[in-house]
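Shown next: query_30.txt, containing compact mmCIF, C-alpha atoms and all ligand atoms.
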```txt
# COMPACT_ATOMS: atom_id res chain seq x y z
CA ALA A 116 -20.71 -4.29 -17.34
CA ARG A 117 -19.35 -5.24 -20.73
CA ARG A 118 -21.21 -4.03 -23.74
CA PRO A 119 -21.61 -6.49 -26.56
CA SER A 120 -18.96 -5.91 -29.20
CA SER A 121 -18.99 -7.14 -32.76
CA PRO A 122 -16.82 -10.20 -33.44
CA ASP A 123 -14.32 -8.18 -35.50
CA ARG A 124 -13.95 -5.46 -32.91
CA ARG A 125 -12.19 -6.21 -29.67
CA TYR A 126 -13.32 -4.60 -26.44
CA ARG A 127 -11.13 -1.59 -25.59
CA LEU A 128 -10.49 -1.00 -21.91
CA GLY A 129 -8.74 2.16 -20.75
CA VAL A 130 -6.83 1.82 -17.49
CA MET A 131 -6.20 4.95 -15.45
CA GLY A 132 -3.97 4.24 -12.47
CA GLY A 133 -3.30 6.89 -9.85
CA THR A 134 -3.09 7.78 -6.21
CA PHE A 135 -6.24 9.91 -6.61
CA ASP A 136 -5.56 11.79 -3.38
CA PRO A 137 -7.88 13.42 -4.36
CA ILE A 138 -9.19 12.66 -7.87
CA HIS A 139 -9.64 15.94 -9.82
CA HIS A 140 -10.93 17.24 -13.15
CA GLY A 141 -7.50 16.79 -14.78
CA HIS A 142 -7.85 13.01 -14.34
CA LEU A 143 -11.43 13.03 -15.59
CA VAL A 144 -10.73 15.17 -18.66
CA ALA A 145 -7.69 13.05 -19.59
CA ALA A 146 -9.74 9.83 -19.34
CA SER A 147 -12.59 11.33 -21.33
CA GLU A 148 -10.27 12.65 -24.08
CA VAL A 149 -8.37 9.38 -24.48
CA ALA A 150 -11.65 7.44 -24.49
CA ALA A 151 -12.96 9.62 -27.33
CA VAL A 152 -9.78 9.49 -29.44
CA PHE A 153 -9.22 5.73 -29.06
CA GLY A 154 -12.89 4.72 -29.06
CA LEU A 155 -12.59 3.08 -25.66
CA ASP A 156 -15.60 1.09 -24.47
CA GLU A 157 -14.76 1.75 -20.82
CA VAL A 158 -12.16 3.42 -18.64
CA VAL A 159 -11.42 1.75 -15.33
CA PHE A 160 -9.87 3.95 -12.64
CA VAL A 161 -7.49 2.03 -10.39
CA PRO A 162 -6.47 3.69 -7.10
CA THR A 163 -3.01 2.54 -5.99
CA GLY A 164 -2.35 0.38 -2.95
CA GLN A 165 -1.68 1.82 0.46
CA PRO A 166 1.53 1.19 2.37
CA TRP A 167 3.97 3.22 0.36
CA GLN A 168 4.80 6.84 0.99
CA LYS A 169 4.63 9.26 -1.88
CA ALA A 170 7.21 12.06 -1.86
CA ASP A 171 7.66 12.03 1.93
CA ARG A 172 4.03 12.31 2.81
CA ARG A 173 1.39 9.96 4.08
CA VAL A 174 -1.14 8.98 1.50
CA SER A 175 -4.79 9.12 2.58
CA ALA A 176 -6.46 5.83 3.50
CA ALA A 177 -7.11 3.59 0.50
CA GLU A 178 -10.81 3.46 1.34
CA ASP A 179 -11.11 7.29 1.20
CA ARG A 180 -9.26 7.42 -2.14
CA TYR A 181 -11.37 4.56 -3.48
CA LEU A 182 -14.66 6.19 -2.42
CA MET A 183 -13.66 9.56 -3.89
CA THR A 184 -12.88 7.83 -7.18
CA VAL A 185 -16.28 6.10 -7.12
CA ILE A 186 -18.07 9.39 -6.34
CA ALA A 187 -16.24 11.28 -9.11
CA THR A 188 -16.87 8.66 -11.81
CA ALA A 189 -20.38 7.50 -10.83
CA SER A 190 -22.26 9.66 -13.33
CA ASN A 191 -20.30 8.49 -16.40
CA PRO A 192 -21.66 5.18 -17.77
CA ARG A 193 -18.25 4.36 -19.32
CA PHE A 194 -16.19 5.01 -16.18
CA THR A 195 -15.71 2.28 -13.58
CA VAL A 196 -13.42 1.75 -10.56
CA SER A 197 -11.35 -1.31 -9.69
CA ARG A 198 -10.05 -2.44 -6.30
CA VAL A 199 -7.30 -4.70 -7.70
CA ASP A 200 -4.46 -2.48 -6.49
CA ILE A 201 -5.87 -1.53 -3.10
CA ASP A 202 -6.79 -5.15 -2.34
CA ARG A 203 -3.34 -6.50 -3.34
CA PRO A 204 -0.87 -6.36 -0.44
CA GLY A 205 2.35 -4.41 -0.90
CA GLU A 206 3.44 -1.70 -3.29
CA THR A 207 1.61 -1.19 -6.55
CA TYR A 208 3.45 -2.04 -9.76
CA THR A 209 1.81 -1.23 -13.08
CA VAL A 210 2.73 -4.66 -14.44
CA ASP A 211 0.62 -6.31 -11.68
CA THR A 212 -2.30 -3.95 -12.34
CA LEU A 213 -2.34 -4.77 -16.03
CA ARG A 214 -1.86 -8.52 -15.50
CA ASP A 215 -4.69 -8.69 -12.92
CA LEU A 216 -7.10 -6.72 -15.11
CA GLN A 217 -6.30 -8.85 -18.17
CA THR A 218 -6.93 -12.02 -16.16
CA GLU A 219 -10.17 -10.62 -14.75
CA ARG A 220 -11.53 -9.34 -18.09
CA GLY A 221 -10.28 -12.08 -20.40
CA ALA A 222 -7.92 -12.36 -23.36
CA ASP A 223 -10.30 -10.72 -25.82
CA VAL A 224 -9.91 -7.33 -24.14
CA ASP A 225 -7.26 -4.81 -25.26
CA LEU A 226 -5.77 -2.63 -22.54
CA TYR A 227 -4.89 1.06 -22.98
CA PHE A 228 -2.89 2.40 -20.05
CA ILE A 229 -3.54 6.12 -19.62
CA THR A 230 -0.96 8.12 -17.80
CA GLY A 231 0.34 11.67 -17.47
CA ALA A 232 3.52 12.57 -19.30
CA ASP A 233 5.37 12.90 -15.99
CA ALA A 234 4.39 9.43 -14.87
CA LEU A 235 5.12 8.00 -18.32
CA ALA A 236 8.65 9.39 -18.28
CA GLN A 237 9.20 7.52 -15.00
CA ILE A 238 7.72 4.29 -16.30
CA LEU A 239 10.10 4.37 -19.24
CA THR A 240 13.08 4.25 -16.90
CA TRP A 241 11.85 1.04 -15.22
CA ARG A 242 13.28 -2.37 -15.77
CA GLY A 243 11.02 -4.84 -17.52
CA VAL A 244 9.48 -2.18 -19.72
CA GLY A 245 9.32 -4.65 -22.61
CA ARG A 246 6.84 -6.79 -20.68
CA LEU A 247 4.66 -3.73 -20.05
CA PHE A 248 4.36 -3.01 -23.76
CA GLU A 249 3.18 -6.58 -24.34
CA LEU A 250 0.37 -6.02 -21.85
CA ALA A 251 -0.99 -2.67 -23.01
CA HIS A 252 -0.89 0.25 -25.36
CA PHE A 253 0.44 3.30 -23.51
CA VAL A 254 -1.13 6.73 -23.86
CA GLY A 255 0.86 9.60 -22.38
CA CYS A 256 -1.13 12.76 -21.73
CA THR A 257 0.89 15.95 -21.76
CA ARG A 258 -0.14 18.49 -19.19
CA PRO A 259 0.97 22.04 -18.52
CA GLY A 260 4.49 22.31 -17.17
CA VAL A 261 5.46 18.77 -18.08
CA GLU A 262 7.41 18.25 -21.27
CA LEU A 263 8.26 14.77 -22.49
CA HIS A 264 11.80 14.84 -23.77
CA GLU A 265 11.80 13.15 -27.13
CA PRO A 266 15.00 11.15 -26.51
CA SER A 267 13.26 9.24 -23.74
CA ILE A 268 10.75 7.74 -26.15
CA GLU A 269 13.12 7.11 -29.06
CA ASN A 270 13.91 3.52 -28.14
CA LEU A 271 10.32 2.52 -27.54
CA PRO A 272 7.98 0.58 -29.78
CA ALA A 273 6.13 3.35 -31.65
CA ASP A 274 3.05 1.19 -32.21
CA ARG A 275 2.62 0.70 -28.45
CA ILE A 276 2.84 4.25 -27.26
CA THR A 277 0.97 7.43 -28.15
CA LEU A 278 1.50 10.92 -26.81
CA MET A 279 -1.62 13.03 -26.66
CA GLU A 280 -2.32 16.59 -25.71
CA VAL A 281 -5.29 16.95 -23.41
CA PRO A 282 -7.01 20.30 -22.85
CA ALA A 283 -4.68 22.31 -20.65
CA LEU A 284 -5.74 21.69 -17.11
CA ALA A 285 -3.21 22.91 -14.59
CA ILE A 286 -4.73 20.85 -11.81
CA SER A 287 -2.82 18.47 -9.57
CA SER A 288 -3.77 16.59 -6.43
CA THR A 289 -0.86 18.27 -4.66
CA ALA A 290 -2.28 21.72 -5.41
CA CYS A 291 -5.75 20.61 -4.25
CA ARG A 292 -4.36 19.31 -0.95
CA GLU A 293 -2.37 22.49 -0.39
CA ARG A 294 -5.43 24.63 -1.03
CA VAL A 295 -7.49 22.67 1.51
CA MET A 296 -4.70 23.01 4.05
CA ILE A 297 -4.72 26.82 3.82
CA ASP A 298 -8.49 27.07 3.51
CA GLU A 299 -8.65 28.05 -0.15
CA PRO A 300 -11.57 26.71 -2.20
CA ILE A 301 -11.25 23.67 -4.45
CA TRP A 302 -14.69 24.09 -6.02
CA TYR A 303 -14.54 23.36 -9.78
CA LEU A 304 -11.04 21.88 -9.56
CA VAL A 305 -12.66 18.65 -8.36
CA PRO A 306 -16.26 17.42 -8.71
CA ASP A 307 -18.72 18.87 -6.18
CA GLY A 308 -19.10 15.53 -4.41
CA ILE A 309 -15.34 15.44 -3.80
CA VAL A 310 -15.34 18.92 -2.22
CA GLN A 311 -18.05 17.67 0.11
CA TYR A 312 -16.39 14.33 0.84
CA ILE A 313 -13.08 16.02 1.73
CA ALA A 314 -14.87 18.40 4.12
CA LYS A 315 -16.93 15.62 5.66
CA ARG A 316 -13.87 13.45 6.34
CA GLY A 317 -11.58 16.34 7.29
CA LEU A 318 -8.95 15.27 4.74
CA TYR A 319 -5.79 17.36 4.09
CA ARG A 320 -6.30 19.69 7.02
CA ALA A 321 -3.28 20.79 9.04
CA VAL A 322 -5.13 19.86 12.22
CA SER A 323 -6.95 16.57 11.97
CA HIS A 324 -10.69 17.05 12.38
CA ASP A 325 -11.73 13.56 13.31
CA HIS A 326 -15.11 13.70 14.96
CA ARG A 327 -15.73 9.99 15.22
CA ALA A 328 -16.68 8.79 18.70
CA GLY A 329 -13.68 7.88 20.81
CA GLN A 330 -11.12 9.63 18.57
P1 LIG T 1 0.08 14.41 -7.10
O1 LIG T 1 0.09 15.90 -7.25
O2 LIG T 1 -0.18 13.95 -5.70
O3 LIG T 1 1.26 13.74 -7.75
P2 LIG T 1 -1.57 13.99 -9.43
O4 LIG T 1 -2.43 15.17 -9.65
O5 LIG T 1 -0.35 13.87 -10.28
O6 LIG T 1 -1.22 13.88 -7.89
P3 LIG T 1 -2.01 11.18 -9.56
O7 LIG T 1 -3.02 10.41 -8.80
O8 LIG T 1 -0.59 11.09 -9.17
O9 LIG T 1 -2.47 12.73 -9.54
O10 LIG T 1 -2.17 10.95 -11.12
C1 LIG T 1 -2.69 9.80 -11.72
C2 LIG T 1 -2.42 9.91 -13.21
O11 LIG T 1 -3.07 11.05 -13.78
C3 LIG T 1 -0.93 10.09 -13.51
O12 LIG T 1 -0.64 9.34 -14.68
C4 LIG T 1 -0.81 11.58 -13.75
O13 LIG T 1 0.30 11.86 -14.58
C5 LIG T 1 -2.14 11.89 -14.44
N1 LIG T 1 -2.57 13.28 -14.25
C6 LIG T 1 -2.61 13.97 -13.10
N2 LIG T 1 -3.08 15.21 -13.28
C7 LIG T 1 -3.35 15.35 -14.59
C8 LIG T 1 -3.86 16.45 -15.42
N3 LIG T 1 -4.16 17.64 -14.90
N4 LIG T 1 -4.00 16.21 -16.75
C9 LIG T 1 -3.66 15.00 -17.26
N5 LIG T 1 -3.20 13.94 -16.56
C10 LIG T 1 -3.03 14.11 -15.23
MG MG T 2 1.42 12.84 -9.80
```
In structure tokens, what does this structure look like?
Ligand code: ATP
Ligand code: MG
Amino acid sequence: ARRPSSPDRRYRLGVMGGTFDPIHHGHLVAASEVAAVFGLDEVVFVPTGQPWQKADRRVSAAEDRYLMTVIATASNPRFTVSRVDIDRPGETYTVDTLRDLQTERGADVDLYFITGADALAQILTWRGVGRLFELAHFVGCTRPGVELHEPSIENLPADRITLMEVPALAISSTACRERVMIDEPIWYLVPDGIVQYIAKRGLYRAVSHDHRAGQ
């Protein structure tokens, strides 16, 4: 739901794209920090589409990743979740995400794309980067163990990109999945509801625990 904004202040929409397999407190802290610093009215979390493989592994079903994102963000009135990427066939490209959200929300909304420093460094090597900077302001969150090399941002429009340090949270989805696989706890790395959802669905276990009838 859009809050009324004064005529001289445009609505500021943060966009946090990710695989969210699973969503964890690093994502939530980064979104919260950027929202506070940039005075964002809302941050929309956008789980990526399905069919692609990420680093040689199968990504969990889009519906599981979507539901975990909904569960993790439900209690924050400024956090929402969008299905634009999981409902669009094919691989997810950030340019499509931003274009679809702009179309959906209208021209009077300013987009702030929130991304980790690692992901930002990759984005900057893409073709068509100029178009991306027309669509959104980019906020790169530095996280432990990931340094953005200054040369990679030298050629970029300084007014369209901001690097920001978020409270050091050495949490990654990869580490969460690995902990589940070897039966180590993920309490407090992810919201409680996500611990419970992962257990209920048997996600990330070496042996699939699928208790549905007929499986
Ligand atoms: P994986 O380990 O599977 O790569 P991830 O933890 O990096 O997962 P993604 O879903 O790939 O999670 O991340 C979505 C976005 O959030 C990316 O832009 C990523 O850089 C950023 N991000 C991930 N973890 C953190 C963190 N701890 N602090 C700040 N940003 C983060
Ligand atoms: Mg990642």
Once you count all atoms listed in the file, what closest atom pair and distance in Å to one decimal does each residue of range 119-192 of chain A within 12 Å of range 295-312 of chain A have, with rows by chain and rising residue number, as a Markdown table?
```
| residue | atom | partner | partner_atom | distance |
| --- | --- | --- | --- | --- |
| A:Phe135 | CA | A:Val305 | CA | 11.0 |
| A:Asp136 | CA | A:Ile309 | CA | 10.4 |
| A:Pro137 | CA | A:Ile309 | CA | 7.7 |
| A:Ile138 | CA | A:Val305 | CA | 6.9 |
| A:His139 | CA | A:Val305 | CA | 4.3 |
| A:His140 | CA | A:Val305 | CA | 5.3 |
| A:Gly141 | CA | A:Leu304 | CA | 8.1 |
| A:His142 | CA | A:Val305 | CA | 9.5 |
| A:Leu143 | CA | A:Val305 | CA | 9.2 |
| A:Val144 | CA | A:Val305 | CA | 11.0 |
| A:Asp179 | CA | A:Tyr312 | CA | 8.8 |
| A:Arg180 | CA | A:Ile309 | CA | 10.2 |
| A:Tyr181 | CA | A:Ile309 | CA | 11.6 |
| A:Leu182 | CA | A:Tyr312 | CA | 8.9 |
| A:Met183 | CA | A:Ile309 | CA | 6.1 |
| A:Thr184 | CA | A:Ile309 | CA | 8.7 |
| A:Val185 | CA | A:Ile309 | CA | 10.0 |
| A:Ile186 | CA | A:Gly308 | CA | 6.5 |
| A:Ala187 | CA | A:Pro306 | CA | 6.2 |
| A:Thr188 | CA | A:Pro306 | CA | 9.3 |
| A:Ala189 | CA | A:Gly308 | CA | 10.4 |
| A:Ser190 | CA | A:Pro306 | CA | 10.8 |
```
List the neighbours of Leu128 in chain A out to 10 Å using all atoms listed in the file; skip same-chain residues closer than 6 positions along the sequence, and give me the result as a PDB file with C-alpha atoms, in the frame of the given file.
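Output contents, as saved in result.pdb:
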```pdb
ATOM      1  CA  ARG A 117     -19.350  -5.240 -20.730  1.00  0.00           C
ATOM      2  CA  ALA A 150     -11.650   7.440 -24.490  1.00  0.00           C
ATOM      3  CA  PHE A 153      -9.220   5.730 -29.060  1.00  0.00           C
ATOM      4  CA  GLY A 154     -12.890   4.720 -29.060  1.00  0.00           C
ATOM      5  CA  LEU A 155     -12.590   3.080 -25.660  1.00  0.00           C
ATOM      6  CA  ASP A 156     -15.600   1.090 -24.470  1.00  0.00           C
ATOM      7  CA  GLU A 157     -14.760   1.750 -20.820  1.00  0.00           C
ATOM      8  CA  VAL A 158     -12.160   3.420 -18.640  1.00  0.00           C
ATOM      9  CA  VAL A 159     -11.420   1.750 -15.330  1.00  0.00           C
ATOM     10  CA  ARG A 193     -18.250   4.360 -19.320  1.00  0.00           C
ATOM     11  CA  LEU A 216      -7.100  -6.720 -15.110  1.00  0.00           C
ATOM     12  CA  GLN A 217      -6.300  -8.850 -18.170  1.00  0.00           C
ATOM     13  CA  ARG A 220     -11.530  -9.340 -18.090  1.00  0.00           C
ATOM     14  CA  VAL A 224      -9.910  -7.330 -24.140  1.00  0.00           C
ATOM     15  CA  ASP A 225      -7.260  -4.810 -25.260  1.00  0.00           C
ATOM     16  CA  LEU A 226      -5.770  -2.630 -22.540  1.00  0.00           C
ATOM     17  CA  TYR A 227      -4.890   1.060 -22.980  1.00  0.00           C
ATOM     18  CA  PHE A 228      -2.890   2.400 -20.050  1.00  0.00           C
ATOM     19  CA  ALA A 251      -0.990  -2.670 -23.010  1.00  0.00           C
TER      20      ALA A 251
END
```
Legend entry - Given only C-alpha atoms and all ligand atoms as the counted atoms, nearest of A:Ala146, A:Leu250, A:Ala236, A:Ala314 to ligand MG 2 (chain T):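 Nearest to ligand MG 2 (chain T): A:Ala236.
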Inset, instruction - Starting from the point (-5.0, -0.2, 2.3), work out which residues of protein, DNA or RNA have an atom no more than 12 Å away when counting only C-alpha atoms; state them as a list in words. - result: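 Result, sorted by chain then residue number: Thr134, Pro162, Thr163, Gly164, Gln165, Pro166, Trp167, Val174, Ser175, Ala176, Ala177, Glu178, Asp179, Arg180, Tyr181, Arg198, Val199, Asp200, Ile201, Asp202, Arg203, Pro204, Gly205, Glu206 and Thr207 of chain A.
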Could you please take those selected residues and save C-alpha atoms as a CSV table (one decimal), in the frame of the given file?
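Output file part.csv follows:
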```csv
chain,number,residue,atom,x,y,z
A,134,THR,CA,-3.1,7.8,-6.2
A,162,PRO,CA,-6.5,3.7,-7.1
A,163,THR,CA,-3.0,2.5,-6.0
A,164,GLY,CA,-2.4,0.4,-3.0
A,165,GLN,CA,-1.7,1.8,0.5
A,166,PRO,CA,1.5,1.2,2.4
A,167,TRP,CA,4.0,3.2,0.4
A,174,VAL,CA,-1.1,9.0,1.5
A,175,SER,CA,-4.8,9.1,2.6
A,176,ALA,CA,-6.5,5.8,3.5
A,177,ALA,CA,-7.1,3.6,0.5
A,178,GLU,CA,-10.8,3.5,1.3
A,179,ASP,CA,-11.1,7.3,1.2
A,180,ARG,CA,-9.3,7.4,-2.1
A,181,TYR,CA,-11.4,4.6,-3.5
A,198,ARG,CA,-10.0,-2.4,-6.3
A,199,VAL,CA,-7.3,-4.7,-7.7
A,200,ASP,CA,-4.5,-2.5,-6.5
A,201,ILE,CA,-5.9,-1.5,-3.1
A,202,ASP,CA,-6.8,-5.2,-2.3
A,203,ARG,CA,-3.3,-6.5,-3.3
A,204,PRO,CA,-0.9,-6.4,-0.4
A,205,GLY,CA,2.4,-4.4,-0.9
A,206,GLU,CA,3.4,-1.7,-3.3
A,207,THR,CA,1.6,-1.2,-6.6
```
Legend entry - Test item: residues lying within 8 Å of ligand LIG 1 (chain T) with all atoms listed in the file, as an NGL selection string: :A and (131-142 or 144-145 or 162 or 169 or 229-235 or 255-259 or 281-290)
Inset, instruction - Would you please work out which residue, of A:Leu278, A:Cys291, A:Val130, A:Leu213, is nearest to ligand MG 2 (chain T) when using all atoms listed in the file? - result: A:Cys291
